[in-house]
Each structure stands twice: as C-alpha cells, then as structure tokens.
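Everything below concerns the one structure shown next.
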Amino acid sequence: MIAKINNFEIDLSKPIDISIPLTNTEENPIAWYIEKPVIEPVVFGDWIGKVSEGKSSTNFNNIFFNPHGHGTHTECLGHITNDFYSINQSLKQFFFFAKLITIEPEKIGEDFVITKEQVQKALSASPDSYRDRLSMTNESLIIRTLPNQLDKKSRKYSNTNPPYLSEEAAIFIRESEIQHLLIDLPSVDKEHDEGKLLAHKAFWNVKDTHNLNSDARFNATITEMIYVSDEIEDGDYILNLQIASFENDASPSKPILYKI
C-alpha cells in the first residue's frame, strides 16, 4: 500500500520496526535494578488460563512489567514533574518526519557522552534532507549509538553507567524544534546523576518540576531503548510512533520507520 505525505511516497507494506519486544525470558533488556517481566496465566483454583494445560479454551495471561526498565518506551514530561501528565494525553499525532543519525559517544572522564558538537556534526553530515527542500521544521530525531552490538536488545544495563546525552546537546535538540527524540539507550541522562536529570529537563524545558513553567514542552516526547540495526541507513524517514493507551507518564511503544 502506497501513501503520500507532502507529495512523497511511502510504502506502508515495508515497515522498519525499531522497537524491542517485551518477553518474560532472559533475552529481555533490563534497566533500573528490576527483574525481568512476568507473563503468566491467570489461576482460579484448579483453573489455569492456558490452553495447553487442558483446562481453558483461551490463553489468559497477566503481564507485570515496567515501561521504563523493560524495553522500548515513550515518555512525556510527566516522567519528571510533581503534577500528573499522561503520555496518552500528550501524544496526539503519530506520524512525523524523522532524521536518523549515528554517533559514537565521546569518552569524558569515566563516562561516554553524546555532546552538542557531535549532534551538530551528525546532522550537518546527514544525507540531503527532504524536509530542508520543503522548508519544514524538524519533527523527530533518532540517535543510534556506536558500537551498535546486537546485545542492545537483551542488555542488562543496571549499574553499568551507559552513555548519555549532555545537557548542552539536549538544549541544542530542543532549540532545533525537534519534538520527539528517540535513542537506543535506557535513558538520555546519566545512570547515577543525583536526580539532576539535566537532559530530560533541558529537552522538555522544565525549569522547576514542582512549579511547572508555562513554556514547558507538554507535547514533546522521549523514546528510549530502541534498536536500530546497521542495515538501516542514516537519513530521512517517516516515523509512526505507536503507544498503548496508558494514562501514565510512559507507555511501551513501537516506533516504525518508512523509507521516503
């Protein structure tokens, strides 16, 4: 099926999935010191909600998981605010122009950091942009980090000090009017940062989490723990950012790319 967006054609029959599936196995990625997800049948007495057990006509599972720690998820500024804001209320559009860039985080002290200069350089070196030709504002930015090992899809991140985004880089991305940031790390911020959350705050333009400023970016989102395989080239795509309808600060999500 071919669709047209601003006179550019995309083939909806050729989706490029950059999400990580959620499982109850050791293959599931984990961050933030929690255990793997639990997917198990409901049990009422001797009745088990599993067809293979012979006592049910349906499979009827409970699922226990954490969107932030168990895989690809999309979050709104409610992730860091005193007042409640829901991703289901913040994200109301689901198709965007997207730019994919690849960066090898820079070693700074004991950390690996994505710097403002690296983001600027990657964007300027990116292939010719359809958006530039249309004088359109950037809508979403996808950052793939190097090295890009396949084990990102099952990595145990807790207490490993993963790479993160510098505050200056987050400010630059915000000032570039990018509304949706996607990254293949468990967080845009340093794992142990004393609760500063500098990149989150900079991207959402949140100055005080307890007394939210009126120019905070209520409709901007951050998607973490994606996986972008090496076969996917840097450049422009159409992004379909799919979430579950959770009234929560974050939801498991399924970002899909389409070649233009």
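Labeling convention for the structure tokens: chains A, B, ... as they appear, residues from 1 per chain, ligands from 1 in order of appearance.
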Exercise. May I have the residues within 10 Å of Ser13 (chain A) as a ChimeraX atom specification, using only C-alpha atoms and disregarding those fewer than 3 positions away in the same chain?
Key: /A:1-3,10,16,258
May I have the residues from that selection written out with all heavy atoms, as an mmCIF file, in the first residue's frame?
data_model
loop_
_atom_site.group_PDB
_atom_site.id
_atom_site.type_symbol
_atom_site.label_atom_id
_atom_site.label_comp_id
_atom_site.auth_asym_id
_atom_site.auth_seq_id
_atom_site.Cartn_x
_atom_site.Cartn_y
_atom_site.Cartn_z
ATOM 1 N N MET A 1 0.852 -1.192 0.000
ATOM 2 C CA MET A 1 0.000 0.000 0.000
ATOM 3 C C MET A 1 0.886 1.240 0.000
ATOM 4 O O MET A 1 1.767 1.394 0.853
ATOM 5 C CB MET A 1 -0.905 0.013 1.238
ATOM 6 C CG MET A 1 -1.796 1.236 1.328
ATOM 7 S SD MET A 1 -2.838 1.202 2.811
ATOM 8 C CE MET A 1 -3.680 2.768 2.630
ATOM 9 N N ILE A 2 0.659 2.129 -0.954
ATOM 10 C CA ILE A 2 1.448 3.349 -1.075
ATOM 11 C C ILE A 2 0.653 4.525 -0.515
ATOM 12 O O ILE A 2 -0.525 4.700 -0.830
ATOM 13 C CB ILE A 2 1.817 3.630 -2.545
ATOM 14 C CG1 ILE A 2 2.566 2.437 -3.145
ATOM 15 C CG2 ILE A 2 2.642 4.903 -2.664
ATOM 16 C CD1 ILE A 2 3.874 2.109 -2.472
ATOM 17 N N ALA A 3 1.311 5.313 0.344
ATOM 18 C CA ALA A 3 0.682 6.520 0.881
ATOM 19 C C ALA A 3 1.517 7.731 0.477
ATOM 20 O O ALA A 3 2.722 7.619 0.270
ATOM 21 C CB ALA A 3 0.583 6.429 2.399
ATOM 22 N N ILE A 10 5.446 6.776 0.431
ATOM 23 C CA ILE A 10 5.992 5.762 1.329
ATOM 24 C C ILE A 10 5.195 4.472 1.127
ATOM 25 O O ILE A 10 3.996 4.517 0.842
ATOM 26 C CB ILE A 10 5.964 6.198 2.807
ATOM 27 C CG1 ILE A 10 4.526 6.432 3.291
ATOM 28 C CG2 ILE A 10 6.817 7.429 3.035
ATOM 29 C CD1 ILE A 10 4.411 6.641 4.785
ATOM 30 N N ILE A 16 9.761 -0.592 9.006
ATOM 31 C CA ILE A 16 11.056 -0.868 9.632
ATOM 32 C C ILE A 16 10.870 -0.684 11.134
ATOM 33 O O ILE A 16 10.800 0.437 11.642
ATOM 34 C CB ILE A 16 12.152 0.074 9.095
ATOM 35 C CG1 ILE A 16 12.250 -0.030 7.569
ATOM 36 C CG2 ILE A 16 13.497 -0.243 9.745
ATOM 37 C CD1 ILE A 16 13.120 1.054 6.947
ATOM 38 N N TYR A 258 9.474 4.347 7.881
ATOM 39 C CA TYR A 258 9.193 4.053 6.473
ATOM 40 C C TYR A 258 10.136 4.873 5.608
ATOM 41 O O TYR A 258 10.347 6.068 5.844
ATOM 42 C CB TYR A 258 7.750 4.430 6.131
ATOM 43 C CG TYR A 258 6.716 3.591 6.835
ATOM 44 C CD1 TYR A 258 6.146 4.033 8.023
ATOM 45 C CD2 TYR A 258 6.316 2.361 6.324
ATOM 46 C CE1 TYR A 258 5.193 3.263 8.694
ATOM 47 C CE2 TYR A 258 5.364 1.594 6.978
ATOM 48 C CZ TYR A 258 4.815 2.042 8.158
ATOM 49 O OH TYR A 258 3.882 1.273 8.816
#
For region 141-179 of chain A versus region 108-115 of chain A, which residues have an atom no more than 7 Å away, and what is each residue's nearest atom pair and distance in Å rounded to one decimal, using only C-alpha atoms, chain-then-number order, as a tab-separated table?
residue	atom	partner	partner_atom	distance
A:Pro163	CA	A:Phe112	CA	4.7
A:Tyr164	CA	A:Val113	CA	5.2
A:Leu165	CA	A:Ile114	CA	4.8
A:Ser166	CA	A:Thr115	CA	5.5
A:Ala169	CA	A:Thr115	CA	5.4
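Distances to Ile238 (chain A) were evaluated for A:Leu141, A:Ile183, A:Leu212, A:Ile63 using only C-alpha atoms, and the minimum falls at A:Leu141.
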Within 6 Å of region 81-93 of chain A, counting only C-alpha atoms, which residues qualify if same-chain residues fewer than 3 places away don't, as a compact mmCIF listing (two decimals) with N, CA, C and O atoms, in the first residue's frame?
# COMPACT_ATOMS: atom_id res chain seq x y z
N GLU A 75 7.92 8.43 26.68
CA GLU A 75 7.53 9.14 27.89
C GLU A 75 7.30 10.62 27.61
O GLU A 75 7.85 11.19 26.66
N CYS A 76 6.46 11.23 28.44
CA CYS A 76 6.20 12.66 28.35
C CYS A 76 6.82 13.34 29.56
O CYS A 76 7.42 12.69 30.42
N GLY A 78 5.58 14.30 32.14
CA GLY A 78 5.06 13.80 33.40
C GLY A 78 6.00 12.82 34.09
O GLY A 78 5.82 12.52 35.27
N THR A 209 10.40 21.24 38.58
CA THR A 209 9.49 20.10 38.44
C THR A 209 8.27 20.21 39.36
O THR A 209 7.28 19.52 39.16
N HIS A 210 8.32 21.07 40.37
CA HIS A 210 7.20 21.23 41.30
C HIS A 210 6.33 22.44 40.95
O HIS A 210 5.21 22.56 41.44
N ASN A 219 3.92 18.66 24.73
CA ASN A 219 3.64 17.69 23.67
C ASN A 219 4.90 17.01 23.13
O ASN A 219 4.83 16.23 22.18
N SER A 245 -2.56 2.86 25.04
CA SER A 245 -3.33 3.97 25.63
C SER A 245 -3.30 3.92 27.15
O SER A 245 -4.34 3.77 27.82
N PHE A 246 -2.12 4.07 27.72
CA PHE A 246 -1.97 4.11 29.17
C PHE A 246 -2.07 5.54 29.68
O PHE A 246 -1.43 6.44 29.12
N GLU A 247 -2.86 5.75 30.72
CA GLU A 247 -2.85 7.04 31.42
C GLU A 247 -1.73 6.97 32.45
O GLU A 247 -1.94 6.75 33.63
N ASN A 248 -0.52 7.16 31.95
CA ASN A 248 0.70 7.03 32.75
C ASN A 248 1.73 7.95 32.11
O ASN A 248 1.57 8.39 30.97
N ASP A 249 2.80 8.24 32.83
CA ASP A 249 3.82 9.12 32.26
C ASP A 249 4.52 8.50 31.07
O ASP A 249 5.09 9.19 30.23
N ALA A 250 4.49 7.15 30.97
CA ALA A 250 5.16 6.45 29.88
C ALA A 250 4.34 5.24 29.46
O ALA A 250 3.54 4.71 30.23
Practice problem: Please provide the set of residues having any atom within 12 Å of region 203-207 of chain A, restricted to only C-alpha atoms, with same-chain residues fewer than 2 positions apart removed, written as a ChimeraX atom specification. | Solution: /A:75-82,165-182,188-189,196-201,209-222
Proximity of region 103-194 of chain A to region 19-32 of chain A: per-residue shortest pair, 10 Å limit, only C-alpha atoms, as a tab-separated table:
residue	atom	partner	partner_atom	distance
A:Asp151	CA	A:Pro29	CA	8.7
A:Lys152	CA	A:Pro29	CA	7.4
A:Lys153	CA	A:Pro29	CA	5.9
A:Ser154	CA	A:Pro29	CA	4.0
A:Arg155	CA	A:Pro29	CA	4.8
A:Lys156	CA	A:Ile30	CA	4.9
A:Tyr157	CA	A:Ala31	CA	4.8
A:Ser158	CA	A:Ala31	CA	5.0
A:Asn159	CA	A:Trp32	CA	8.1
A:Thr160	CA	A:Ala31	CA	9.5
A:Asp184	CA	A:Ser19	CA	9.5
A:Leu185	CA	A:Ala31	CA	9.8
A:Pro186	CA	A:Ala31	CA	6.6
A:Ser187	CA	A:Ala31	CA	9.2
A:Glu191	CA	A:Trp32	CA	8.4
Mind writing the picked residues with N, CA and C atoms as an mmCIF file, in the first residue's frame?
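Saved file out_17.cif follows:
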data_model
loop_
_atom_site.group_PDB
_atom_site.id
_atom_site.type_symbol
_atom_site.label_atom_id
_atom_site.label_comp_id
_atom_site.auth_asym_id
_atom_site.auth_seq_id
_atom_site.Cartn_x
_atom_site.Cartn_y
_atom_site.Cartn_z
ATOM 1 N N ASP A 151 23.481 -7.136 21.135
ATOM 2 C CA ASP A 151 23.064 -7.401 22.515
ATOM 3 C C ASP A 151 22.385 -6.203 23.184
ATOM 4 N N LYS A 152 22.281 -5.077 22.480
ATOM 5 C CA LYS A 152 21.447 -3.989 22.994
ATOM 6 C C LYS A 152 20.007 -4.451 23.199
ATOM 7 N N LYS A 153 19.607 -5.475 22.453
ATOM 8 C CA LYS A 153 18.235 -5.963 22.531
ATOM 9 C C LYS A 153 17.995 -6.823 23.767
ATOM 10 N N SER A 154 19.074 -7.185 24.470
ATOM 11 C CA SER A 154 18.919 -8.030 25.661
ATOM 12 C C SER A 154 19.836 -7.589 26.804
ATOM 13 N N ARG A 155 20.419 -6.436 26.709
ATOM 14 C CA ARG A 155 21.450 -5.998 27.659
ATOM 15 C C ARG A 155 20.869 -5.726 29.045
ATOM 16 N N LYS A 156 21.658 -6.013 30.062
ATOM 17 C CA LYS A 156 21.308 -5.717 31.444
ATOM 18 C C LYS A 156 22.079 -4.453 31.835
ATOM 19 N N TYR A 157 21.382 -3.319 31.872
ATOM 20 C CA TYR A 157 22.026 -2.011 31.992
ATOM 21 C C TYR A 157 22.311 -1.569 33.420
ATOM 22 N N SER A 158 21.678 -2.191 34.395
ATOM 23 C CA SER A 158 21.788 -1.705 35.772
ATOM 24 C C SER A 158 23.238 -1.675 36.241
ATOM 25 N N ASN A 159 23.625 -0.532 36.803
ATOM 26 C CA ASN A 159 24.970 -0.321 37.351
ATOM 27 C C ASN A 159 26.088 -0.515 36.323
ATOM 28 N N THR A 160 25.822 -0.143 35.065
ATOM 29 C CA THR A 160 26.855 -0.216 34.021
ATOM 30 C C THR A 160 27.259 1.163 33.503
ATOM 31 N N ASP A 184 18.776 4.853 21.509
ATOM 32 C CA ASP A 184 18.929 3.417 21.801
ATOM 33 C C ASP A 184 19.625 3.164 23.135
ATOM 34 N N LEU A 185 19.360 4.005 24.105
ATOM 35 C CA LEU A 185 19.929 3.896 25.448
ATOM 36 C C LEU A 185 18.793 3.826 26.463
ATOM 37 N N PRO A 186 19.061 3.348 27.682
ATOM 38 C CA PRO A 186 17.988 3.262 28.680
ATOM 39 C C PRO A 186 17.537 4.616 29.193
ATOM 40 N N SER A 187 18.358 5.655 28.982
ATOM 41 C CA SER A 187 17.983 6.993 29.427
ATOM 42 C C SER A 187 18.806 8.028 28.674
ATOM 43 N N GLU A 191 23.192 7.441 34.494
ATOM 44 C CA GLU A 191 22.517 6.495 35.385
ATOM 45 C C GLU A 191 22.492 6.995 36.828
#
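Within region 58-101 of chain A, DSSP run on the backbone puts these residues in strand (DSSP E): Asn61, Asn62, Ile63, Phe64, His73, Thr74, Glu75, Phe95, Phe96, Phe97, Ala98, Lys99, Leu100 and Ile101 of chain A.
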Exercise. Determine which residues of region 201-239 of chain A receive a DSSP assignment of alpha helix (DSSP H), computed from the backbone, and state them as a VMD selection string.
Key: chain A and resid 201 to 204
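In this structure, CA of Tyr227 (chain A) sits 7.7 Å away from CA of Arg144 (chain A).
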